[in-house]
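A.B. asks: Shown below is the structure under consideration.
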Amino acid sequence: MKCLLLLLVLGLAAAFPHNAEKRSAGGLTCDTNSIPYLVSLNAGSYSCGGALFNNQWVVSAAQCYQSHIEVKLVEHTIGVVEGTEQLISAAKIIRHPGYNSFGHENDIMLIKLSLPTILNNWVQNISLPSQCGVTGTKCLASGWGNLLHNGDKSRNVLQCGEATVLSSSECNKAYPGQITSNMICAGFLEGGKDSCQGAAGGPLVCNGVLQGIASFGCAGGKPGVYSKFCNYVTWIKETINEN
């Protein structure tokens, strides 16, 4: 499983209908139903995270592509039926045409659901950005995976965490020669605060707006690397119009 930086956000609770519990820079269990845009992708079993941004469209990482995917909304504990979930199969799965699996370039994918979701208190769309994220902004990362990069087994319970948007120079320093203009780093460079080993495709949300899709990173305490979502809004709108 790809690494996902998970560190709990402070001060963003007002952007969501429920508060996340146990706020800490270490990244901890989310409150049930507290991330209404988060989805899990399933291809026989759980594979990746994603984000609902339109009642019939989900965005995830291109590396998560499968020929058949089921999307589960309102997932909290993998494999446990909690009564509020919606399970919808994918009608179309569209990877970015410029996706490069070797370098993680354009690691973004759209999924059209076979049926519109039912929006309610537990299922909501996340807003698309009108501008790119600003260095130093504290954001919310969420997904299923280890809290730490120390070899712990994967976790089945949804985790939340704070991740600070880093500058392009900090990002390049952490990953020399690997970062392109279509990527954004978030986390802490000093180490010891990263939460890793979560699935790719998880959303990075800053001030209630989707700014990143988890791609790679976190090895050795490095920050997480996300596809820079603001660069893909035009492609996303064109793809939806065409499909």
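Ordering of the structure tokens sets the chain letters (A, B, ...), residue numbers begin anew at 1 in every chain, and ligands are numbered from 1 in the order given.
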Quick one: residues within 6 Å of stretch 73-78 of chain A, only C-alpha atoms counted, chain neighbours fewer than 5 positions away excluded, as a list of chain:residue names?

C.D. replies: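 My reading of the contact set: A:Val39, A:Glu85, A:Gln86, A:Asn156, A:Val157, A:Leu158.
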
A.B. asks: Excluding same-chain residues fewer than 4 positions from A:Gly133, what lies within 10 Å of it counting only C-alpha atoms, as a list in words?

C.D. replies: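 In the requested form, the answer reads Pro129, Thr137, Lys138, Cys139, Val165, Leu166, Ile184, Val205, Cys206, Asn207, Val209, Leu210, Gln211, Gly212, Lys228, Phe229 and Cys230 of chain A.
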
A.B. asks: Just to be explicit: take each residue in the selection above, keep all heavy atoms, and write the result as a CSV table (one decimal), in the first residue's frame.

C.D. replies:
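This is the output file part_29.csv:
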```csv
chain,number,residue,atom,x,y,z
A,129,PRO,N,-11.2,23.6,-5.8
A,129,PRO,CA,-10.5,24.8,-5.5
A,129,PRO,C,-10.6,25.8,-6.7
A,129,PRO,O,-10.7,25.5,-7.8
A,129,PRO,CB,-9.1,24.4,-5.4
A,129,PRO,CG,-9.0,23.2,-6.3
A,129,PRO,CD,-10.3,22.5,-6.1
A,137,THR,N,-0.4,26.4,5.0
A,137,THR,CA,-1.8,26.1,5.4
A,137,THR,C,-1.9,24.7,6.0
A,137,THR,O,-1.3,23.8,5.6
A,137,THR,CB,-2.7,26.1,4.1
A,137,THR,OG1,-2.6,27.4,3.5
A,137,THR,CG2,-4.1,25.9,4.4
A,138,LYS,N,-2.7,24.7,7.1
A,138,LYS,CA,-2.9,23.4,7.7
A,138,LYS,C,-4.1,22.7,7.1
A,138,LYS,O,-5.2,23.3,7.0
A,138,LYS,CB,-3.1,23.6,9.2
A,138,LYS,CG,-1.9,24.1,10.0
A,138,LYS,CD,-2.1,24.1,11.5
A,138,LYS,CE,-0.8,24.7,12.2
A,138,LYS,NZ,0.4,23.9,11.9
A,139,CYS,N,-3.9,21.5,6.7
A,139,CYS,CA,-5.0,20.7,6.0
A,139,CYS,C,-5.3,19.4,6.7
A,139,CYS,O,-4.6,19.0,7.6
A,139,CYS,CB,-4.5,20.4,4.6
A,139,CYS,SG,-3.9,21.9,3.7
A,165,VAL,N,0.9,22.3,4.4
A,165,VAL,CA,1.4,22.5,3.0
A,165,VAL,C,2.8,23.0,3.0
A,165,VAL,O,3.1,24.1,3.7
A,165,VAL,CB,0.5,23.4,2.2
A,165,VAL,CG1,1.1,23.6,0.8
A,165,VAL,CG2,-0.9,22.8,2.1
A,166,LEU,N,3.8,22.4,2.4
A,166,LEU,CA,5.2,22.8,2.3
A,166,LEU,C,5.5,23.5,1.0
A,166,LEU,O,4.8,23.4,0.0
A,166,LEU,CB,6.1,21.5,2.4
A,166,LEU,CG,5.8,20.7,3.7
A,166,LEU,CD1,6.8,19.5,3.7
A,166,LEU,CD2,6.0,21.5,5.0
A,184,ILE,N,2.3,18.4,-4.9
A,184,ILE,CA,2.4,19.2,-3.7
A,184,ILE,C,2.7,18.3,-2.5
A,184,ILE,O,2.3,17.2,-2.4
A,184,ILE,CB,1.0,19.9,-3.5
A,184,ILE,CG1,1.1,20.9,-2.3
A,184,ILE,CG2,-0.1,18.9,-3.3
A,184,ILE,CD1,-0.2,21.7,-2.1
A,205,VAL,N,-7.5,18.1,2.3
A,205,VAL,CA,-8.5,19.2,2.3
A,205,VAL,C,-8.0,20.3,3.1
A,205,VAL,O,-7.7,20.2,4.3
A,205,VAL,CB,-9.9,18.6,2.8
A,205,VAL,CG1,-10.8,19.8,2.9
A,205,VAL,CG2,-10.4,17.6,1.8
A,206,CYS,N,-8.0,21.5,2.5
A,206,CYS,CA,-7.5,22.7,3.1
A,206,CYS,C,-8.6,23.8,3.2
A,206,CYS,O,-9.1,24.2,2.1
A,206,CYS,CB,-6.2,23.3,2.4
A,206,CYS,SG,-5.0,22.0,2.0
A,207,ASN,N,-9.0,24.2,4.3
A,207,ASN,CA,-10.0,25.2,4.5
A,207,ASN,C,-11.3,24.8,3.7
A,207,ASN,O,-11.9,25.6,3.1
A,207,ASN,CB,-9.5,26.6,4.0
A,207,ASN,CG,-8.4,27.1,4.8
A,207,ASN,OD1,-8.4,26.9,6.1
A,207,ASN,ND2,-7.4,27.7,4.2
A,209,VAL,N,-11.6,22.9,1.1
A,209,VAL,CA,-11.4,22.7,-0.3
A,209,VAL,C,-10.4,21.6,-0.6
A,209,VAL,O,-9.4,21.5,0.1
A,209,VAL,CB,-10.9,24.1,-0.9
A,209,VAL,CG1,-10.6,23.9,-2.4
A,209,VAL,CG2,-12.0,25.1,-0.7
A,210,LEU,N,-10.7,20.8,-1.6
A,210,LEU,CA,-9.8,19.7,-2.0
A,210,LEU,C,-8.6,20.3,-2.7
A,210,LEU,O,-8.7,20.9,-3.8
A,210,LEU,CB,-10.6,18.7,-2.9
A,210,LEU,CG,-9.8,17.5,-3.4
A,210,LEU,CD1,-9.4,16.6,-2.2
A,210,LEU,CD2,-10.6,16.7,-4.3
A,211,GLN,N,-7.4,20.0,-2.1
A,211,GLN,CA,-6.2,20.5,-2.7
A,211,GLN,C,-5.2,19.4,-3.1
A,211,GLN,O,-4.2,19.7,-3.8
A,211,GLN,CB,-5.5,21.5,-1.8
A,211,GLN,CG,-6.2,22.8,-1.5
A,211,GLN,CD,-6.1,23.7,-2.7
A,211,GLN,OE1,-5.6,23.4,-3.8
A,211,GLN,NE2,-6.7,24.9,-2.5
A,212,GLY,N,-5.4,18.2,-2.7
A,212,GLY,CA,-4.5,17.1,-3.1
A,212,GLY,C,-5.1,15.7,-3.0
A,212,GLY,O,-6.1,15.5,-2.3
A,228,LYS,N,-1.4,17.7,-7.3
A,228,LYS,CA,-1.8,19.0,-7.0
A,228,LYS,C,-3.1,19.3,-7.7
A,228,LYS,O,-3.2,19.6,-8.9
A,228,LYS,CB,-0.7,20.0,-7.5
A,228,LYS,CG,-0.9,21.4,-7.1
A,228,LYS,CD,0.4,22.2,-7.5
A,228,LYS,CE,0.3,23.7,-7.0
A,228,LYS,NZ,1.5,24.4,-7.4
A,229,PHE,N,-4.2,19.2,-6.9
A,229,PHE,CA,-5.5,19.1,-7.5
A,229,PHE,C,-5.9,20.3,-8.3
A,229,PHE,O,-6.6,20.2,-9.3
A,229,PHE,CB,-6.5,18.9,-6.4
A,229,PHE,CG,-7.9,18.5,-6.8
A,229,PHE,CD1,-8.1,17.2,-7.2
A,229,PHE,CD2,-8.9,19.4,-6.9
A,229,PHE,CE1,-9.4,16.8,-7.7
A,229,PHE,CE2,-10.2,19.0,-7.4
A,229,PHE,CZ,-10.4,17.7,-7.8
A,230,CYS,N,-5.5,21.5,-7.9
A,230,CYS,CA,-5.9,22.7,-8.6
A,230,CYS,C,-5.4,22.7,-10.0
A,230,CYS,O,-6.0,23.4,-10.9
A,230,CYS,CB,-5.3,24.0,-7.8
A,230,CYS,SG,-3.5,24.0,-7.7
```

A.B. asks: Near A:Ala141, within 6 Å and counting only C-alpha atoms, which residues show up once chain neighbours fewer than 5 positions away are dropped, as number ranges by chain?

C.D. replies: A: 6, 160-161, 203-204

A.B. asks: Determine which residues of stretch 40-221 of chain A receive a DSSP assignment of strand (DSSP E), computed from the backbone, and state them as a PyMOL selection string.

C.D. replies: chain A and resi 40-42+46-54+57-60+70-73+86-95+109-113+138-143+159-164+183-186+203-206+209-217

A.B. asks: Determine, counting only C-alpha atoms, which protein, DNA and RNA residues have an atom within 8 Å of an atom of A:Arg95; residues of the same chain fewer than 3 positions away are not included. Present the result as a list in words.

C.D. replies: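 Contacts, in chain order: Ala62, Tyr65, Tyr99, Ile108, Met109 and Leu110 of chain A.
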
A.B. asks: Selection from above, N, CA and C atoms, as a PDB file, in the first residue's frame, can you write it?

C.D. replies:
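Everything below was put into result01.pdb:
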```pdb
ATOM      1  N   ALA A  62      -4.572   7.656  -9.946  1.00  0.00           N
ATOM      2  CA  ALA A  62      -4.566   6.800 -11.132  1.00  0.00           C
ATOM      3  C   ALA A  62      -3.964   5.429 -10.841  1.00  0.00           C
ATOM      4  N   TYR A  65      -6.269   2.304 -10.294  1.00  0.00           N
ATOM      5  CA  TYR A  65      -7.134   1.806 -11.372  1.00  0.00           C
ATOM      6  C   TYR A  65      -7.344   0.295 -11.301  1.00  0.00           C
ATOM      7  N   TYR A  99      -0.897  10.100 -17.264  1.00  0.00           N
ATOM      8  CA  TYR A  99      -0.405   9.386 -16.085  1.00  0.00           C
ATOM      9  C   TYR A  99       0.852   8.578 -16.396  1.00  0.00           C
ATOM     10  N   ILE A 108      -3.862  10.819 -11.056  1.00  0.00           N
ATOM     11  CA  ILE A 108      -5.225  11.222 -10.735  1.00  0.00           C
ATOM     12  C   ILE A 108      -6.204  10.479 -11.646  1.00  0.00           C
ATOM     13  N   MET A 109      -7.342  10.148 -11.114  1.00  0.00           N
ATOM     14  CA  MET A 109      -8.318   9.320 -11.828  1.00  0.00           C
ATOM     15  C   MET A 109      -9.725   9.743 -11.421  1.00  0.00           C
ATOM     16  N   LEU A 110     -10.635   9.728 -12.376  1.00  0.00           N
ATOM     17  CA  LEU A 110     -12.032  10.040 -12.123  1.00  0.00           C
ATOM     18  C   LEU A 110     -12.882   8.775 -12.223  1.00  0.00           C
TER      19      LEU A 110
END
```

A.B. asks: Just want the 12 Å neighbourhood of A:Lys237, counted on only C-alpha atoms, with same-chain residues fewer than 5 positions away dropped. Output as a PDB file with N, CA and C atoms, in the first residue's frame.

C.D. replies:
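Saved as part_14.pdb:
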```pdb
ATOM      1  N   PHE A  53     -16.826  14.661  -5.134  1.00  0.00           N
ATOM      2  CA  PHE A  53     -16.876  16.098  -5.383  1.00  0.00           C
ATOM      3  C   PHE A  53     -18.098  16.499  -6.203  1.00  0.00           C
ATOM      4  N   ASN A  54     -18.858  15.512  -6.622  1.00  0.00           N
ATOM      5  CA  ASN A  54     -20.061  15.702  -7.410  1.00  0.00           C
ATOM      6  C   ASN A  54     -20.922  14.494  -7.070  1.00  0.00           C
ATOM      7  N   TRP A  57     -19.642  11.730  -9.172  1.00  0.00           N
ATOM      8  CA  TRP A  57     -18.236  11.641  -9.554  1.00  0.00           C
ATOM      9  C   TRP A  57     -17.329  11.613  -8.323  1.00  0.00           C
ATOM     10  N   LEU A 110     -10.635   9.728 -12.376  1.00  0.00           N
ATOM     11  CA  LEU A 110     -12.032  10.040 -12.123  1.00  0.00           C
ATOM     12  C   LEU A 110     -12.882   8.775 -12.223  1.00  0.00           C
ATOM     13  N   LEU A 128     -14.394  22.056  -5.030  1.00  0.00           N
ATOM     14  CA  LEU A 128     -13.216  22.161  -5.889  1.00  0.00           C
ATOM     15  C   LEU A 128     -12.539  23.510  -5.642  1.00  0.00           C
ATOM     16  N   CYS A 230      -5.459  21.500  -7.862  1.00  0.00           N
ATOM     17  CA  CYS A 230      -5.852  22.732  -8.560  1.00  0.00           C
ATOM     18  C   CYS A 230      -5.427  22.729 -10.022  1.00  0.00           C
ATOM     19  N   ASN A 231      -4.387  21.960 -10.363  1.00  0.00           N
ATOM     20  CA  ASN A 231      -3.915  21.896 -11.747  1.00  0.00           C
ATOM     21  C   ASN A 231      -4.829  21.069 -12.649  1.00  0.00           C
ATOM     22  N   TYR A 232      -5.783  20.356 -12.067  1.00  0.00           N
ATOM     23  CA  TYR A 232      -6.584  19.416 -12.843  1.00  0.00           C
ATOM     24  C   TYR A 232      -8.056  19.802 -12.929  1.00  0.00           C
ATOM     25  N   GLU A 242     -17.812  15.618 -21.167  1.00  0.00           N
ATOM     26  CA  GLU A 242     -17.707  14.650 -22.244  1.00  0.00           C
ATOM     27  C   GLU A 242     -18.326  13.299 -21.885  1.00  0.00           C
ATOM     28  N   ASN A 243     -18.605  13.108 -20.591  1.00  0.00           N
ATOM     29  CA  ASN A 243     -19.088  11.799 -20.134  1.00  0.00           C
ATOM     30  C   ASN A 243     -20.381  11.902 -19.336  1.00  0.00           C
TER      31      ASN A 243
END
```

A.B. asks: Skipping near chain neighbours, those fewer than 6 positions away, what residues fall within 10 Å of A:Leu119 using only C-alpha atoms, listed as a ChimeraX atom specification?

C.D. replies: /A:36-37,54-55,125

A.B. asks: In Å, with one decimal, what is the gap from atom CA of A:Cys218 to atom CA of A:Ser130?

C.D. replies: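 Distance between the two atoms: 27.8 Å.
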
A.B. asks: Name all residues at most 10 Å from A:Ile179 (count only C-alpha atoms; drop same-chain ones fewer than 6 positions away) and give them as a ChimeraX atom specification.

C.D. replies: /A:103-105,168-169,171-173,185,225

A.B. asks: If you run DSSP over the backbone, which residues in stretch 40-226 of chain A end up helix (DSSP H, G or I)? Put them as a PyMOL selection string.

C.D. replies: chain A and resi 62-64+168-174+219-221

A.B. asks: When distances are computed from only C-alpha atoms, which of A:Val58, A:Leu28, A:Gly217, A:Ser34 shows the smallest separation from A:Ser127?

C.D. replies: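 Among the listed residues, the smallest separation from A:Ser127 belongs to A:Val58.
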
A.B. asks: Counting only C-alpha atoms, figure out which residue out of A:Ser101, A:Gln66, A:Ser227, A:Asn241 gets nearest to A:Cys48.

C.D. replies: A:Gln66

A.B. asks: In terms of the shortest atom-to-atom distance over only C-alpha atoms, which of A:Gln178, A:Gln124, A:Thr29, A:Thr84 is closest to A:Gly143?

C.D. replies: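 The closest residue to A:Gly143 is A:Thr29.
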
A.B. asks: Of the candidates A:Ala163, A:Leu38, A:Ile118, A:Val233, which shows the shortest atom-to-atom distance to A:Ile88, using only C-alpha atoms?

C.D. replies: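 Between A:Ala163, A:Leu38, A:Ile118, A:Val233, the residue approaching A:Ile88 most closely is A:Ile118.
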
A.B. asks: May I ask for the distance between atom CA of A:Ala186 and atom CA of A:Ala51, given in Å to one decimal place?

C.D. replies: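 Pair atom CA of A:Ala186 / atom CA of A:Ala51 returns 17.6 Å.
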